[in-house]
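See below for upload_13.txt, which holds compact mmCIF, C-alpha atoms.
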```
# COMPACT_ATOMS: atom_id res chain seq x y z
CA MET A 334 -16.43 26.29 -39.61
CA GLY A 335 -18.41 23.17 -38.72
CA VAL A 336 -15.93 21.09 -36.78
CA GLN A 337 -16.56 17.55 -35.71
CA PHE A 338 -15.01 15.81 -32.68
CA ARG A 339 -14.52 12.22 -33.79
CA LYS A 340 -13.40 9.47 -31.42
CA VAL A 341 -10.65 7.31 -32.89
CA ASP A 342 -9.75 3.67 -32.36
CA LYS A 343 -6.28 2.14 -32.10
CA ASN A 344 -5.91 2.05 -35.89
CA GLU A 345 -6.16 5.83 -36.16
CA PHE A 346 -4.53 6.85 -32.90
CA TYR A 347 -1.22 7.54 -34.64
CA LYS A 348 -2.85 10.66 -36.18
CA VAL A 349 -3.61 12.01 -32.71
CA TYR A 350 -0.13 11.13 -31.47
CA GLU A 351 1.58 12.95 -34.34
CA VAL A 352 -0.08 16.21 -33.26
CA ILE A 353 0.72 15.57 -29.58
CA GLU A 354 4.42 15.12 -30.41
CA LYS A 355 4.50 18.47 -32.23
CA ALA A 356 2.39 20.40 -29.74
CA PHE A 357 3.66 19.36 -26.29
CA PRO A 358 7.03 18.97 -24.56
CA LEU A 359 8.07 15.36 -23.97
CA SER A 360 7.42 15.67 -20.23
CA GLU A 361 3.70 16.32 -20.86
CA TYR A 362 2.72 13.15 -22.69
CA ARG A 363 3.16 9.40 -22.59
CA THR A 364 5.00 7.23 -25.07
CA PHE A 365 3.03 5.87 -28.00
CA ASP A 366 2.96 2.37 -26.47
CA GLU A 367 1.72 3.72 -23.12
CA GLN A 368 -1.02 5.64 -24.93
CA MET A 369 -2.07 2.55 -26.86
CA VAL A 370 -2.66 0.69 -23.58
CA LEU A 371 -4.95 3.53 -22.47
CA MET A 372 -7.07 3.11 -25.59
CA ASP A 373 -8.55 -0.02 -23.97
CA LEU A 374 -9.89 1.92 -20.98
CA PRO A 375 -13.62 2.65 -21.26
CA TYR A 376 -13.29 6.20 -19.91
CA PHE A 377 -10.33 7.27 -22.12
CA ASN A 378 -11.24 9.06 -25.35
CA ALA A 379 -8.84 10.22 -28.06
CA MET A 380 -10.41 12.39 -30.73
CA LEU A 381 -9.57 13.99 -34.02
CA ILE A 382 -11.11 17.40 -34.56
CA GLU A 383 -11.96 17.74 -38.23
CA ASP A 384 -13.50 20.28 -40.56
CA GLU A 385 -14.71 18.61 -43.75
CA TYR A 386 -12.29 15.72 -43.09
CA LYS A 387 -9.30 18.09 -42.71
CA LEU A 388 -7.39 17.75 -39.44
CA VAL A 389 -7.93 20.85 -37.30
CA GLY A 390 -6.74 19.46 -33.96
CA ILE A 391 -6.86 16.72 -31.37
CA LEU A 392 -8.42 16.23 -27.99
CA ILE A 393 -7.82 13.66 -25.26
CA GLU A 394 -10.31 13.38 -22.44
CA TRP A 395 -11.05 11.06 -19.56
CA GLU A 396 -14.78 10.75 -19.02
CA PHE A 397 -15.66 9.95 -15.43
CA GLU A 398 -19.13 9.60 -13.92
CA HIS A 399 -19.76 13.30 -13.24
CA THR A 400 -16.69 14.98 -14.69
CA ILE A 401 -14.55 15.13 -17.78
CA TYR A 402 -10.82 15.59 -17.32
CA LEU A 403 -9.41 17.30 -20.40
CA GLU A 404 -5.83 16.09 -20.75
CA HIS A 405 -4.83 17.45 -24.17
CA LEU A 406 -6.25 19.92 -26.65
CA ALA A 407 -4.03 20.97 -29.53
CA VAL A 408 -4.49 22.68 -32.86
CA ASN A 409 -2.81 21.17 -35.89
CA PRO A 410 0.57 22.99 -35.98
CA GLU A 411 0.16 23.70 -39.69
CA ILE A 412 -2.80 26.01 -39.01
CA ARG A 413 -2.01 27.31 -35.51
CA GLY A 414 -2.19 31.00 -34.62
CA LYS A 415 -5.58 31.82 -36.09
CA GLY A 416 -7.69 31.73 -32.92
CA LEU A 417 -8.72 28.14 -33.56
CA GLY A 418 -7.86 26.96 -30.03
CA SER A 419 -10.47 29.28 -28.50
CA MET A 420 -13.03 28.36 -31.11
CA LEU A 421 -12.46 24.63 -30.63
CA MET A 422 -12.69 24.96 -26.87
CA ARG A 423 -15.97 26.90 -27.12
CA GLU A 424 -17.41 24.17 -29.40
CA TYR A 425 -16.27 21.49 -26.96
CA LEU A 426 -17.72 23.29 -23.93
CA ALA A 427 -21.03 23.85 -25.71
CA LYS A 428 -21.38 20.11 -26.36
CA SER A 429 -20.42 18.97 -22.88
CA VAL A 430 -23.07 18.02 -20.34
CA LYS A 431 -20.60 17.35 -17.51
CA ASN A 432 -18.25 19.48 -15.45
CA ILE A 433 -14.85 19.84 -17.10
CA VAL A 434 -11.51 20.04 -15.31
CA LEU A 435 -7.97 20.46 -16.55
CA GLU A 436 -4.53 21.07 -15.09
CA VAL A 437 -2.28 24.09 -15.48
CA GLU A 438 1.22 24.66 -14.19
CA ASP A 439 1.28 26.36 -10.82
CA VAL A 440 4.25 28.57 -11.56
CA ASP A 441 4.64 32.24 -12.19
CA THR A 442 6.01 32.06 -15.72
CA GLU A 443 4.77 33.95 -18.74
CA ILE A 444 3.60 30.78 -20.50
CA ALA A 445 1.75 29.54 -17.39
CA GLN A 446 0.03 32.91 -16.98
CA ARG A 447 -0.94 32.94 -20.65
CA ARG A 448 -2.46 29.45 -20.36
CA ILE A 449 -4.40 30.39 -17.26
CA GLY A 450 -5.66 33.57 -18.95
CA PHE A 451 -6.67 31.61 -22.04
CA TYR A 452 -8.85 29.25 -20.01
CA GLU A 453 -10.24 32.02 -17.79
CA ARG A 454 -11.42 33.90 -20.90
CA LEU A 455 -13.31 30.74 -21.85
CA GLY A 456 -15.10 30.65 -18.47
CA PHE A 457 -12.82 28.36 -16.46
CA THR A 458 -12.01 29.11 -12.83
CA LEU A 459 -8.57 28.60 -11.31
CA SER A 460 -9.01 26.62 -8.10
CA ASN A 461 -6.82 26.48 -5.01
CA ILE A 462 -6.48 22.71 -5.45
CA SER A 463 -2.92 21.79 -6.37
CA PHE A 464 -0.76 18.69 -6.56
CA LYS A 465 2.53 17.43 -7.98
CA GLN A 466 2.18 15.80 -11.37
CA PRO A 467 3.43 12.23 -11.07
CA GLN A 468 6.10 11.21 -13.56
CA PHE A 469 5.03 9.19 -16.53
CA LEU A 470 6.34 5.63 -16.66
CA GLY A 471 10.00 5.34 -17.50
CA ARG A 472 10.64 9.10 -17.39
CA ASP A 473 13.10 10.90 -15.15
CA ASP A 474 11.54 14.33 -15.69
CA GLU A 475 11.09 16.68 -12.76
CA THR A 476 7.62 16.68 -11.34
CA VAL A 477 5.58 19.82 -11.92
CA ASN A 478 3.23 21.56 -9.50
CA LEU A 479 -0.23 21.74 -11.04
CA ARG A 480 -3.49 23.47 -10.21
CA ILE A 481 -6.94 22.44 -11.30
CA MET A 482 -9.10 24.72 -13.40
CA HIS A 483 -12.78 23.93 -13.76
CA TYR A 484 -15.82 24.75 -15.82
CA PRO A 485 -18.45 25.79 -14.92
CA LYS A 486 -17.77 27.86 -11.83
CA ASN A 487 -19.98 26.00 -9.35
CA ILE A 488 -17.68 23.14 -8.29
CA SER A 489 -16.86 23.13 -4.55
CA ASP A 490 -13.36 22.58 -3.18
CA ASP A 491 -14.55 19.31 -1.59
CA GLU A 492 -15.75 18.06 -4.98
CA LEU A 493 -12.52 19.25 -6.64
CA MET A 494 -10.50 17.26 -4.09
CA LYS A 495 -12.46 14.13 -5.03
CA ILE A 496 -11.86 14.88 -8.72
CA LYS A 497 -8.13 15.38 -8.07
CA ASP A 498 -7.99 12.00 -6.33
CA GLU A 499 -9.83 10.37 -9.24
CA ILE A 500 -7.36 11.91 -11.71
CA LEU A 501 -4.40 10.69 -9.68
CA GLN A 502 -5.88 7.19 -9.46
CA LYS A 503 -7.20 6.71 -13.01
CA VAL A 504 -4.96 8.96 -15.12
CA TYR A 505 -1.65 8.71 -13.30
CA PHE A 506 -2.26 5.28 -11.70
CA GLN A 507 -1.29 6.56 -8.24
```
So, in terms of structure tokens, how does the structure I just supplied come out?
Amino acid sequence: MGVQFRKVDKNEFYKVYEVIEKAFPLSEYRTFDEQMVLMDLPYFNAMLIEDEYKLVGILIEWEFEHTIYLEHLAVNPEIRGKGLGSMLMREYLAKSVKNIVLEVEDVDTEIAQRRIGFYERLGFTLSNISFKQPQFLGRDDETVNLRIMHYPKNISDDELMKIKDEILQKVYFQ
């Protein structure tokens, strides 16, 4: 499978959003209008992941000076369950030249443990850096405790604290 990560503009963003709506609970993503505002930010990238022009998945990243914050990765629900998530993540990691961070829930639930295990098998490290996820605009959802995972393994706690602050400032507007 020769997948391609293709950045989309505002005209195609609806394709990314359709997958997000199917793949994530409402508390984990912004409204369509909020997302459209983000499309104007120079460090926000929404991508379709395609194989011969067929939609395989989506990816949303925030590209900062030294780090990429991976906000969403999802496989097209119509073809989920075939190991594509791991394969897509390996392709993404192989192409990246920057450190990559992401958030996972800091709770002891089966789904949280499965997510952490998934990323650890791909080479991510679970850090001790945690924070409460700020609510998205206009939402009354409970905040969630999150921990940062990073790739590769050589990111110090001091650097991770700076990255956490950058995420809070640029992603959550805190």
task = Give as a PyMOL selection string each residue that has an atom at most 10 Å from (-3.3, 6.2, -26.3) in the file, counting all atoms listed in the file.
result = chain A and resi 341-343+346-347+349-350+362-374+377-379+393
Given the point (-11.1, 11.6, -22.7) in the file's coordinates, find the residues that have an atom at most 12 Å from it, counting only C-alpha atoms, and give them as a compact mmCIF listing (two decimals) with C-alpha atoms, keeping the file's coordinate frame.
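Writing the result to out.txt gives the following:
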```
# COMPACT_ATOMS: atom_id res chain seq x y z
CA PHE A 338 -15.01 15.81 -32.68
CA ARG A 339 -14.52 12.22 -33.79
CA LYS A 340 -13.40 9.47 -31.42
CA VAL A 341 -10.65 7.31 -32.89
CA GLN A 368 -1.02 5.64 -24.93
CA LEU A 371 -4.95 3.53 -22.47
CA MET A 372 -7.07 3.11 -25.59
CA ASP A 373 -8.55 -0.02 -23.97
CA LEU A 374 -9.89 1.92 -20.98
CA PRO A 375 -13.62 2.65 -21.26
CA TYR A 376 -13.29 6.20 -19.91
CA PHE A 377 -10.33 7.27 -22.12
CA ASN A 378 -11.24 9.06 -25.35
CA ALA A 379 -8.84 10.22 -28.06
CA MET A 380 -10.41 12.39 -30.73
CA LEU A 381 -9.57 13.99 -34.02
CA ILE A 391 -6.86 16.72 -31.37
CA LEU A 392 -8.42 16.23 -27.99
CA ILE A 393 -7.82 13.66 -25.26
CA GLU A 394 -10.31 13.38 -22.44
CA TRP A 395 -11.05 11.06 -19.56
CA GLU A 396 -14.78 10.75 -19.02
CA PHE A 397 -15.66 9.95 -15.43
CA THR A 400 -16.69 14.98 -14.69
CA ILE A 401 -14.55 15.13 -17.78
CA TYR A 402 -10.82 15.59 -17.32
CA LEU A 403 -9.41 17.30 -20.40
CA GLU A 404 -5.83 16.09 -20.75
CA HIS A 405 -4.83 17.45 -24.17
CA LEU A 406 -6.25 19.92 -26.65
CA TYR A 425 -16.27 21.49 -26.96
CA SER A 429 -20.42 18.97 -22.88
CA ILE A 433 -14.85 19.84 -17.10
CA VAL A 434 -11.51 20.04 -15.31
CA LEU A 435 -7.97 20.46 -16.55
CA ILE A 500 -7.36 11.91 -11.71
CA LYS A 503 -7.20 6.71 -13.01
CA VAL A 504 -4.96 8.96 -15.12
```
request  = Just the residues within 12 Å of Asp498 in chain A, please, counting all atoms listed in the file, with nothing from its chain fewer than 4 positions along; format it as a VMD selection string.
outcome  = chain A and resid 402 462 to 466 481 491 to 494 502 to 507
Where's the centre, and what are the edge lengths in Å to one decimal, of a box along x, y and z enclosing all listed atoms of range 425-437 of chain A padded 5 Å per side, as AutoDock Vina command-line options?
```
--center_x -12.7 --center_y 20.7 --center_z -21.0 --size_x 30.8 --size_y 16.7 --size_z 21.9
```
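Nearest residue to Lys495 in chain A among A:Arg413, A:His399, A:Arg447, A:Lys355 is A:His399, counting all atoms listed in the file.
Using only C-alpha atoms, the nearest neighbour of Tyr452 in chain A within the list A:Val408, A:Val440, A:Leu359, A:Leu426 is A:Leu426.
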remark   = As a check of understanding: the span from CA of Lys428 in chain A to CA of Arg448 in chain A is 21.9 Å
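Nearest to Val336 in chain A of all the residues A:Gly456, A:Leu421, A:Leu479, A:Val437 is A:Leu421, based on all atoms listed in the file.
Between Val477 in chain A and the residues A:Ser419, A:Glu361, A:Gly450, A:Leu459, the shortest atom-to-atom distance, using all atoms listed in the file, involves A:Glu361.
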task = Could you jot down the CA of Glu424 in chain A to CA of Lys486 in chain A separation for me, Å, one decimal place?
result = 18.0 Å
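Minimum distance to Leu501 in chain A across A:Gly414, A:Pro467, A:Gly390, A:Gly335 (counting all atoms listed in the file) occurs at A:Pro467.
In this model, the gap between CA of Asn344 in chain A and CA of Val430 in chain A comes to 28.1 Å.
Of the listed residues A:Ile488, A:Leu417, A:Val389, A:Ala427, the one whose atoms come nearest to Val352 in chain A is A:Val389, with distances taken using all atoms listed in the file.
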